[in-house]
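Everything below belongs to entry-v6.pdb, which stores PDB, C-alpha atoms, pLDDT in the B column.
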```pdb
MODEL        1
ATOM      1  CA  MET A  13     257.257 -59.617  -7.654  1.00 94.00           C
ATOM      2  CA  THR A  14     256.589 -56.037  -6.821  1.00 95.00           C
ATOM      3  CA  THR A  15     258.719 -55.041  -3.860  1.00 95.00           C
ATOM      4  CA  GLU A  16     257.336 -52.490  -1.430  1.00 91.00           C
ATOM      5  CA  PRO A  17     253.803 -52.739  -2.807  1.00 97.00           C
ATOM      6  CA  ILE A  18     251.247 -50.043  -2.187  1.00 97.00           C
ATOM      7  CA  SER A  19     249.391 -50.994   0.969  1.00 98.00           C
ATOM      8  CA  ILE A  20     246.684 -49.560   3.189  1.00 98.00           C
ATOM      9  CA  GLY A  21     245.581 -49.685   6.806  1.00 98.00           C
ATOM     10  CA  GLU A  22     242.395 -51.256   8.116  1.00 98.00           C
ATOM     11  CA  ASP A  23     240.797 -47.848   8.694  1.00 98.00           C
ATOM     12  CA  THR A  24     241.213 -46.789   5.051  1.00 98.00           C
ATOM     13  CA  SER A  25     237.826 -46.098   3.475  1.00 98.00           C
ATOM     14  CA  MET A  26     236.517 -48.058   0.521  1.00 97.00           C
ATOM     15  CA  LYS A  27     236.646 -44.829  -1.468  1.00 97.00           C
ATOM     16  CA  GLU A  28     240.324 -44.191  -0.660  1.00 98.00           C
ATOM     17  CA  ALA A  29     241.159 -47.787  -1.571  1.00 98.00           C
ATOM     18  CA  ALA A  30     239.232 -47.558  -4.865  1.00 97.00           C
ATOM     19  CA  VAL A  31     241.093 -44.368  -5.753  1.00 97.00           C
ATOM     20  CA  LEU A  32     244.475 -45.996  -5.040  1.00 98.00           C
ATOM     21  CA  LEU A  33     243.594 -49.031  -7.164  1.00 98.00           C
ATOM     22  CA  ARG A  34     242.614 -46.803 -10.100  1.00 97.00           C
ATOM     23  CA  GLN A  35     245.556 -44.395  -9.746  1.00 97.00           C
ATOM     24  CA  HIS A  36     248.130 -47.171  -9.710  1.00 97.00           C
ATOM     25  CA  HIS A  37     246.386 -49.533 -12.166  1.00 96.00           C
ATOM     26  CA  ILE A  38     246.439 -52.402  -9.680  1.00 97.00           C
ATOM     27  CA  ARG A  39     243.799 -54.842  -8.436  1.00 96.00           C
ATOM     28  CA  HIS A  40     245.121 -55.924  -5.022  1.00 97.00           C
ATOM     29  CA  LEU A  41     245.884 -53.914  -1.910  1.00 98.00           C
ATOM     30  CA  PRO A  42     247.591 -55.602   1.018  1.00 98.00           C
ATOM     31  CA  VAL A  43     246.232 -54.351   4.341  1.00 98.00           C
ATOM     32  CA  VAL A  44     248.914 -53.803   6.951  1.00 98.00           C
ATOM     33  CA  GLU A  45     249.335 -52.763  10.539  1.00 97.00           C
ATOM     34  CA  GLY A  46     252.762 -51.176  10.481  1.00 95.00           C
ATOM     35  CA  ARG A  47     254.536 -53.623   8.154  1.00 95.00           C
ATOM     36  CA  VAL A  48     252.584 -56.675   9.364  1.00 98.00           C
ATOM     37  CA  LEU A  49     250.137 -58.122   6.852  1.00 98.00           C
ATOM     38  CA  VAL A  50     246.640 -58.359   8.348  1.00 98.00           C
ATOM     39  CA  GLY A  51     244.575 -58.808   5.181  1.00 98.00           C
ATOM     40  CA  ILE A  52     244.041 -58.054   1.531  1.00 98.00           C
ATOM     41  CA  VAL A  53     241.345 -56.265  -0.432  1.00 98.00           C
ATOM     42  CA  THR A  54     240.742 -56.385  -4.165  1.00 97.00           C
ATOM     43  CA  ASP A  55     238.911 -54.251  -6.674  1.00 96.00           C
ATOM     44  CA  ARG A  56     236.331 -57.053  -6.825  1.00 95.00           C
ATOM     45  CA  ASP A  57     235.798 -56.900  -3.042  1.00 97.00           C
ATOM     46  CA  ILE A  58     235.096 -53.184  -3.281  1.00 96.00           C
ATOM     47  CA  ARG A  59     232.691 -53.612  -6.218  1.00 94.00           C
ATOM     48  CA  LYS A  60     230.798 -56.367  -4.382  1.00 94.00           C
ATOM     49  CA  ALA A  61     230.496 -54.275  -1.206  1.00 94.00           C
ATOM     50  CA  SER A  62     229.421 -51.107  -3.023  1.00 91.00           C
ATOM     51  CA  PRO A  63     225.732 -50.287  -3.415  1.00 88.00           C
ATOM     52  CA  SER A  64     224.385 -50.410  -6.953  1.00 83.00           C
ATOM     53  CA  LEU A  65     223.272 -47.146  -8.477  1.00 77.00           C
ATOM     54  CA  LEU A  66     220.994 -49.262 -10.666  1.00 78.00           C
ATOM     55  CA  SER A  67     219.042 -50.377  -7.584  1.00 80.00           C
ATOM     56  CA  GLY A  68     217.843 -46.845  -6.953  1.00 81.00           C
ATOM     57  CA  VAL A  69     220.488 -45.738  -4.456  1.00 82.00           C
ATOM     58  CA  ASP A  70     221.091 -42.059  -5.053  1.00 86.00           C
ATOM     59  CA  THR A  71     224.568 -40.729  -5.687  1.00 87.00           C
ATOM     60  CA  SER A  72     224.942 -39.122  -2.259  1.00 89.00           C
ATOM     61  CA  LYS A  73     224.059 -42.374  -0.439  1.00 89.00           C
ATOM     62  CA  TYR A  74     226.458 -44.279  -2.721  1.00 88.00           C
ATOM     63  CA  GLU A  75     229.245 -41.826  -1.895  1.00 91.00           C
ATOM     64  CA  GLU A  76     228.398 -41.983   1.821  1.00 92.00           C
ATOM     65  CA  VAL A  77     228.764 -45.772   1.885  1.00 91.00           C
ATOM     66  CA  LEU A  78     232.145 -45.610   0.126  1.00 93.00           C
ATOM     67  CA  VAL A  79     233.457 -42.912   2.449  1.00 96.00           C
ATOM     68  CA  ASP A  80     232.061 -44.378   5.678  1.00 96.00           C
ATOM     69  CA  THR A  81     232.957 -48.056   5.181  1.00 97.00           C
ATOM     70  CA  PRO A  82     236.433 -49.009   6.382  1.00 98.00           C
ATOM     71  CA  ILE A  83     238.344 -51.691   4.520  1.00 98.00           C
ATOM     72  CA  SER A  84     238.412 -53.775   7.708  1.00 98.00           C
ATOM     73  CA  ARG A  85     234.736 -54.584   7.066  1.00 97.00           C
ATOM     74  CA  ILE A  86     235.321 -56.115   3.629  1.00 97.00           C
ATOM     75  CA  MET A  87     238.942 -57.294   3.518  1.00 98.00           C
ATOM     76  CA  THR A  88     240.015 -60.918   3.505  1.00 97.00           C
ATOM     77  CA  ARG A  89     241.738 -61.641   6.792  1.00 97.00           C
ATOM     78  CA  GLU A  90     244.607 -64.131   6.869  1.00 94.00           C
ATOM     79  CA  PRO A  91     245.077 -64.267   3.086  1.00 97.00           C
ATOM     80  CA  PHE A  92     247.156 -66.938   1.398  1.00 97.00           C
ATOM     81  CA  THR A  93     250.805 -65.899   1.424  1.00 98.00           C
ATOM     82  CA  VAL A  94     254.168 -67.074   0.136  1.00 98.00           C
ATOM     83  CA  THR A  95     257.780 -66.298   0.988  1.00 98.00           C
ATOM     84  CA  VAL A  96     260.649 -65.298  -1.274  1.00 96.00           C
ATOM     85  CA  ASP A  97     261.865 -68.894  -0.992  1.00 97.00           C
ATOM     86  CA  THR A  98     258.613 -70.422  -2.261  1.00 98.00           C
ATOM     87  CA  ASP A  99     259.159 -72.225  -5.569  1.00 96.00           C
ATOM     88  CA  LEU A 100     257.721 -70.247  -8.497  1.00 96.00           C
ATOM     89  CA  ARG A 101     255.745 -73.268  -9.730  1.00 95.00           C
ATOM     90  CA  GLU A 102     254.153 -73.575  -6.299  1.00 97.00           C
ATOM     91  CA  VAL A 103     253.221 -69.880  -6.278  1.00 97.00           C
ATOM     92  CA  VAL A 104     251.629 -70.058  -9.716  1.00 96.00           C
ATOM     93  CA  GLN A 105     249.821 -73.290  -8.796  1.00 96.00           C
ATOM     94  CA  LEU A 106     248.423 -71.547  -5.722  1.00 97.00           C
ATOM     95  CA  LEU A 107     247.095 -68.703  -7.882  1.00 97.00           C
ATOM     96  CA  ILE A 108     245.408 -71.283 -10.111  1.00 96.00           C
ATOM     97  CA  ASP A 109     244.089 -73.564  -7.359  1.00 97.00           C
ATOM     98  CA  LYS A 110     242.688 -70.756  -5.226  1.00 96.00           C
ATOM     99  CA  ASN A 111     241.496 -68.731  -8.239  1.00 96.00           C
ATOM    100  CA  ILE A 112     243.222 -65.586  -7.023  1.00 96.00           C
ATOM    101  CA  GLY A 113     245.009 -62.938  -9.025  1.00 96.00           C
ATOM    102  CA  GLY A 114     247.667 -61.981  -6.529  1.00 97.00           C
ATOM    103  CA  ILE A 115     249.379 -63.189  -3.408  1.00 98.00           C
ATOM    104  CA  PRO A 116     251.327 -61.290  -0.750  1.00 98.00           C
ATOM    105  CA  VAL A 117     254.972 -62.206  -0.229  1.00 98.00           C
ATOM    106  CA  VAL A 118     255.943 -62.148   3.429  1.00 98.00           C
ATOM    107  CA  ASP A 119     258.957 -62.540   5.661  1.00 97.00           C
ATOM    108  CA  GLY A 120     257.427 -63.958   8.818  1.00 96.00           C
ATOM    109  CA  LYS A 121     254.340 -61.747   9.067  1.00 96.00           C
ATOM    110  CA  GLU A 122     255.933 -58.705   7.438  1.00 97.00           C
ATOM    111  CA  LEU A 123     254.808 -57.754   3.934  1.00 98.00           C
ATOM    112  CA  ILE A 124     257.742 -57.540   1.531  1.00 97.00           C
ATOM    113  CA  GLY A 125     256.067 -57.846  -1.862  1.00 97.00           C
ATOM    114  CA  MET A 126     253.167 -58.881  -4.085  1.00 98.00           C
ATOM    115  CA  PHE A 127     253.208 -61.536  -6.778  1.00 98.00           C
ATOM    116  CA  THR A 128     250.394 -61.355  -9.325  1.00 97.00           C
ATOM    117  CA  GLU A 129     249.220 -63.189 -12.391  1.00 95.00           C
ATOM    118  CA  VAL A 130     250.881 -60.437 -14.456  1.00 95.00           C
ATOM    119  CA  HIS A 131     254.245 -61.375 -12.929  1.00 95.00           C
ATOM    120  CA  ALA A 132     253.562 -65.018 -13.832  1.00 95.00           C
ATOM    121  CA  LEU A 133     252.742 -64.028 -17.417  1.00 94.00           C
ATOM    122  CA  LYS A 134     255.981 -62.035 -17.671  1.00 94.00           C
ATOM    123  CA  VAL A 135     257.902 -65.151 -16.619  1.00 93.00           C
ATOM    124  CA  LEU A 136     256.024 -67.165 -19.255  1.00 93.00           C
ATOM    125  CA  VAL A 137     256.876 -64.648 -21.987  1.00 93.00           C
ATOM    126  CA  ASN A 138     260.560 -64.810 -21.003  1.00 92.00           C
ATOM    127  CA  VAL A 139     260.535 -68.625 -21.093  1.00 91.00           C
ATOM    128  CA  LEU A 140     258.753 -68.688 -24.443  1.00 92.00           C
ATOM    129  CA  SER A 141     261.236 -66.167 -25.855  1.00 90.00           C
ATOM    130  CA  GLU A 142     264.161 -68.344 -24.743  1.00 88.00           C
ATOM    131  CA  VAL A 143     262.572 -71.450 -26.237  1.00 88.00           C
ATOM    132  CA  ALA A 144     261.976 -69.638 -29.524  1.00 85.00           C
ATOM    133  CA  GLN A 145     265.682 -68.792 -29.777  1.00 80.00           C
TER     134      GLN A 145
ENDMDL
END
```
This entry written out as structure tokens:
Amino acid sequence: MTTEPISIGEDTSMKEAAVLLRQHHIRHLPVVEGRVLVGIVTDRDIRKASPSLLSGVDTSKYEEVLVDTPISRIMTREPFTVTVDTDLREVVQLLIDKNIGGIPVVDGKELIGMFTEVHALKVLVNVLSEVAQ
């Protein structure tokens, strides 16, 4: 898992969140109040909530929506979570069953990490490498 993941507050704008996602090459942003997890937003959530320039929205209106819309309006509240003690198979099964690409790791309600499908694939590569030897 990624410890101390990049996170945002509920008042962060969609534009700020989109910039963070691009800058850090990530697809999930936990939303926190202090260190307490209150939600999660993904690159897909932002794309879905953004107006389409193809629909005739001009660039200034597009920019206005991104700047003026706080993440609290589009985030998933009470996301699925796991703890550091959750069995890896269970975590991966949750990603599959819920069709999600990442899941916050919490201690109580406090965010301590993120586990993503990329982490699961790294584990798979390690296992396959050991089997090949």
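Between CA of Thr128 in chain A and CA of Arg56 in chain A there is a distance of 14.9 Å.
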By how many Å are CA of Asp23 in chain A and CA of Asp70 in chain A apart?
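We find that CA of Asp23 in chain A and CA of Asp70 in chain A lie 24.7 Å from each other.
With only C-alpha atoms taken into account, the protein and nucleic acid residues at most 8 Å from range 76-79 of chain A (excluding it and anything under 6 positions from it in its own chain) are Ser25, Met26, Lys27, Glu28, Ser62 and Pro63 of chain A.
One finds CA of His131 in chain A at 11.9 Å from CA of Thr15 in chain A.
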All file atoms of range 36-48 of chain A boxed axis-aligned, 4 Å per side, centre plus edges, as lines of an AutoDock Vina configuration file:
```
center_x = 249.2
center_y = -51.9
center_z = -0.8
size_x = 18.7
size_y = 17.5
size_z = 30.7
```
Evaluated on this file, the PyMOL selection byres ((chain A and resi 41) around 12) picks out some residues - which ones are they, written as a PyMOL selection string?
chain A and resi 14+16-22+24+26+28-34+36-40+42-44+49-58+83+87-88+91+113-116+123+125-128
Deliver the residues from the most recent selection as a file, using C-alpha atoms, as a PDB file, in the coordinates of the input.
```
ATOM      1  CA  THR A  14     256.589 -56.037  -6.821  1.00 95.00           C
ATOM      2  CA  GLU A  16     257.336 -52.490  -1.430  1.00 91.00           C
ATOM      3  CA  PRO A  17     253.803 -52.739  -2.807  1.00 97.00           C
ATOM      4  CA  ILE A  18     251.247 -50.043  -2.187  1.00 97.00           C
ATOM      5  CA  SER A  19     249.391 -50.994   0.969  1.00 98.00           C
ATOM      6  CA  ILE A  20     246.684 -49.560   3.189  1.00 98.00           C
ATOM      7  CA  GLY A  21     245.581 -49.685   6.806  1.00 98.00           C
ATOM      8  CA  GLU A  22     242.395 -51.256   8.116  1.00 98.00           C
ATOM      9  CA  THR A  24     241.213 -46.789   5.051  1.00 98.00           C
ATOM     10  CA  MET A  26     236.517 -48.058   0.521  1.00 97.00           C
ATOM     11  CA  GLU A  28     240.324 -44.191  -0.660  1.00 98.00           C
ATOM     12  CA  ALA A  29     241.159 -47.787  -1.571  1.00 98.00           C
ATOM     13  CA  ALA A  30     239.232 -47.558  -4.865  1.00 97.00           C
ATOM     14  CA  VAL A  31     241.093 -44.368  -5.753  1.00 97.00           C
ATOM     15  CA  LEU A  32     244.475 -45.996  -5.040  1.00 98.00           C
ATOM     16  CA  LEU A  33     243.594 -49.031  -7.164  1.00 98.00           C
ATOM     17  CA  ARG A  34     242.614 -46.803 -10.100  1.00 97.00           C
ATOM     18  CA  HIS A  36     248.130 -47.171  -9.710  1.00 97.00           C
ATOM     19  CA  HIS A  37     246.386 -49.533 -12.166  1.00 96.00           C
ATOM     20  CA  ILE A  38     246.439 -52.402  -9.680  1.00 97.00           C
ATOM     21  CA  ARG A  39     243.799 -54.842  -8.436  1.00 96.00           C
ATOM     22  CA  HIS A  40     245.121 -55.924  -5.022  1.00 97.00           C
ATOM     23  CA  PRO A  42     247.591 -55.602   1.018  1.00 98.00           C
ATOM     24  CA  VAL A  43     246.232 -54.351   4.341  1.00 98.00           C
ATOM     25  CA  VAL A  44     248.914 -53.803   6.951  1.00 98.00           C
ATOM     26  CA  LEU A  49     250.137 -58.122   6.852  1.00 98.00           C
ATOM     27  CA  VAL A  50     246.640 -58.359   8.348  1.00 98.00           C
ATOM     28  CA  GLY A  51     244.575 -58.808   5.181  1.00 98.00           C
ATOM     29  CA  ILE A  52     244.041 -58.054   1.531  1.00 98.00           C
ATOM     30  CA  VAL A  53     241.345 -56.265  -0.432  1.00 98.00           C
ATOM     31  CA  THR A  54     240.742 -56.385  -4.165  1.00 97.00           C
ATOM     32  CA  ASP A  55     238.911 -54.251  -6.674  1.00 96.00           C
ATOM     33  CA  ARG A  56     236.331 -57.053  -6.825  1.00 95.00           C
ATOM     34  CA  ASP A  57     235.798 -56.900  -3.042  1.00 97.00           C
ATOM     35  CA  ILE A  58     235.096 -53.184  -3.281  1.00 96.00           C
ATOM     36  CA  ILE A  83     238.344 -51.691   4.520  1.00 98.00           C
ATOM     37  CA  MET A  87     238.942 -57.294   3.518  1.00 98.00           C
ATOM     38  CA  THR A  88     240.015 -60.918   3.505  1.00 97.00           C
ATOM     39  CA  PRO A  91     245.077 -64.267   3.086  1.00 97.00           C
ATOM     40  CA  GLY A 113     245.009 -62.938  -9.025  1.00 96.00           C
ATOM     41  CA  GLY A 114     247.667 -61.981  -6.529  1.00 97.00           C
ATOM     42  CA  ILE A 115     249.379 -63.189  -3.408  1.00 98.00           C
ATOM     43  CA  PRO A 116     251.327 -61.290  -0.750  1.00 98.00           C
ATOM     44  CA  LEU A 123     254.808 -57.754   3.934  1.00 98.00           C
ATOM     45  CA  GLY A 125     256.067 -57.846  -1.862  1.00 97.00           C
ATOM     46  CA  MET A 126     253.167 -58.881  -4.085  1.00 98.00           C
ATOM     47  CA  PHE A 127     253.208 -61.536  -6.778  1.00 98.00           C
ATOM     48  CA  THR A 128     250.394 -61.355  -9.325  1.00 97.00           C
TER      49      THR A 128
END
```
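For the set A:Ser67, A:Glu75, A:Val48, A:Ile108, the residue with the smallest atom-to-atom gap to Glu90 in chain A is A:Val48, counting only C-alpha atoms.
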Matched chain/residue IDs from the PyMOL selection byres ((chain A and resi 132) around 10), as a compact mmCIF listing (two decimals) with C-alpha atoms, in the frame of the given file:
```txt
# COMPACT_ATOMS: atom_id res chain seq x y z
CA MET A 13 257.26 -59.62 -7.65
CA LEU A 100 257.72 -70.25 -8.50
CA ARG A 101 255.74 -73.27 -9.73
CA VAL A 103 253.22 -69.88 -6.28
CA VAL A 104 251.63 -70.06 -9.72
CA LEU A 107 247.10 -68.70 -7.88
CA GLY A 114 247.67 -61.98 -6.53
CA PHE A 127 253.21 -61.54 -6.78
CA THR A 128 250.39 -61.36 -9.32
CA GLU A 129 249.22 -63.19 -12.39
CA VAL A 130 250.88 -60.44 -14.46
CA HIS A 131 254.24 -61.38 -12.93
CA LEU A 133 252.74 -64.03 -17.42
CA LYS A 134 255.98 -62.04 -17.67
CA VAL A 135 257.90 -65.15 -16.62
CA LEU A 136 256.02 -67.17 -19.26
CA VAL A 137 256.88 -64.65 -21.99
```
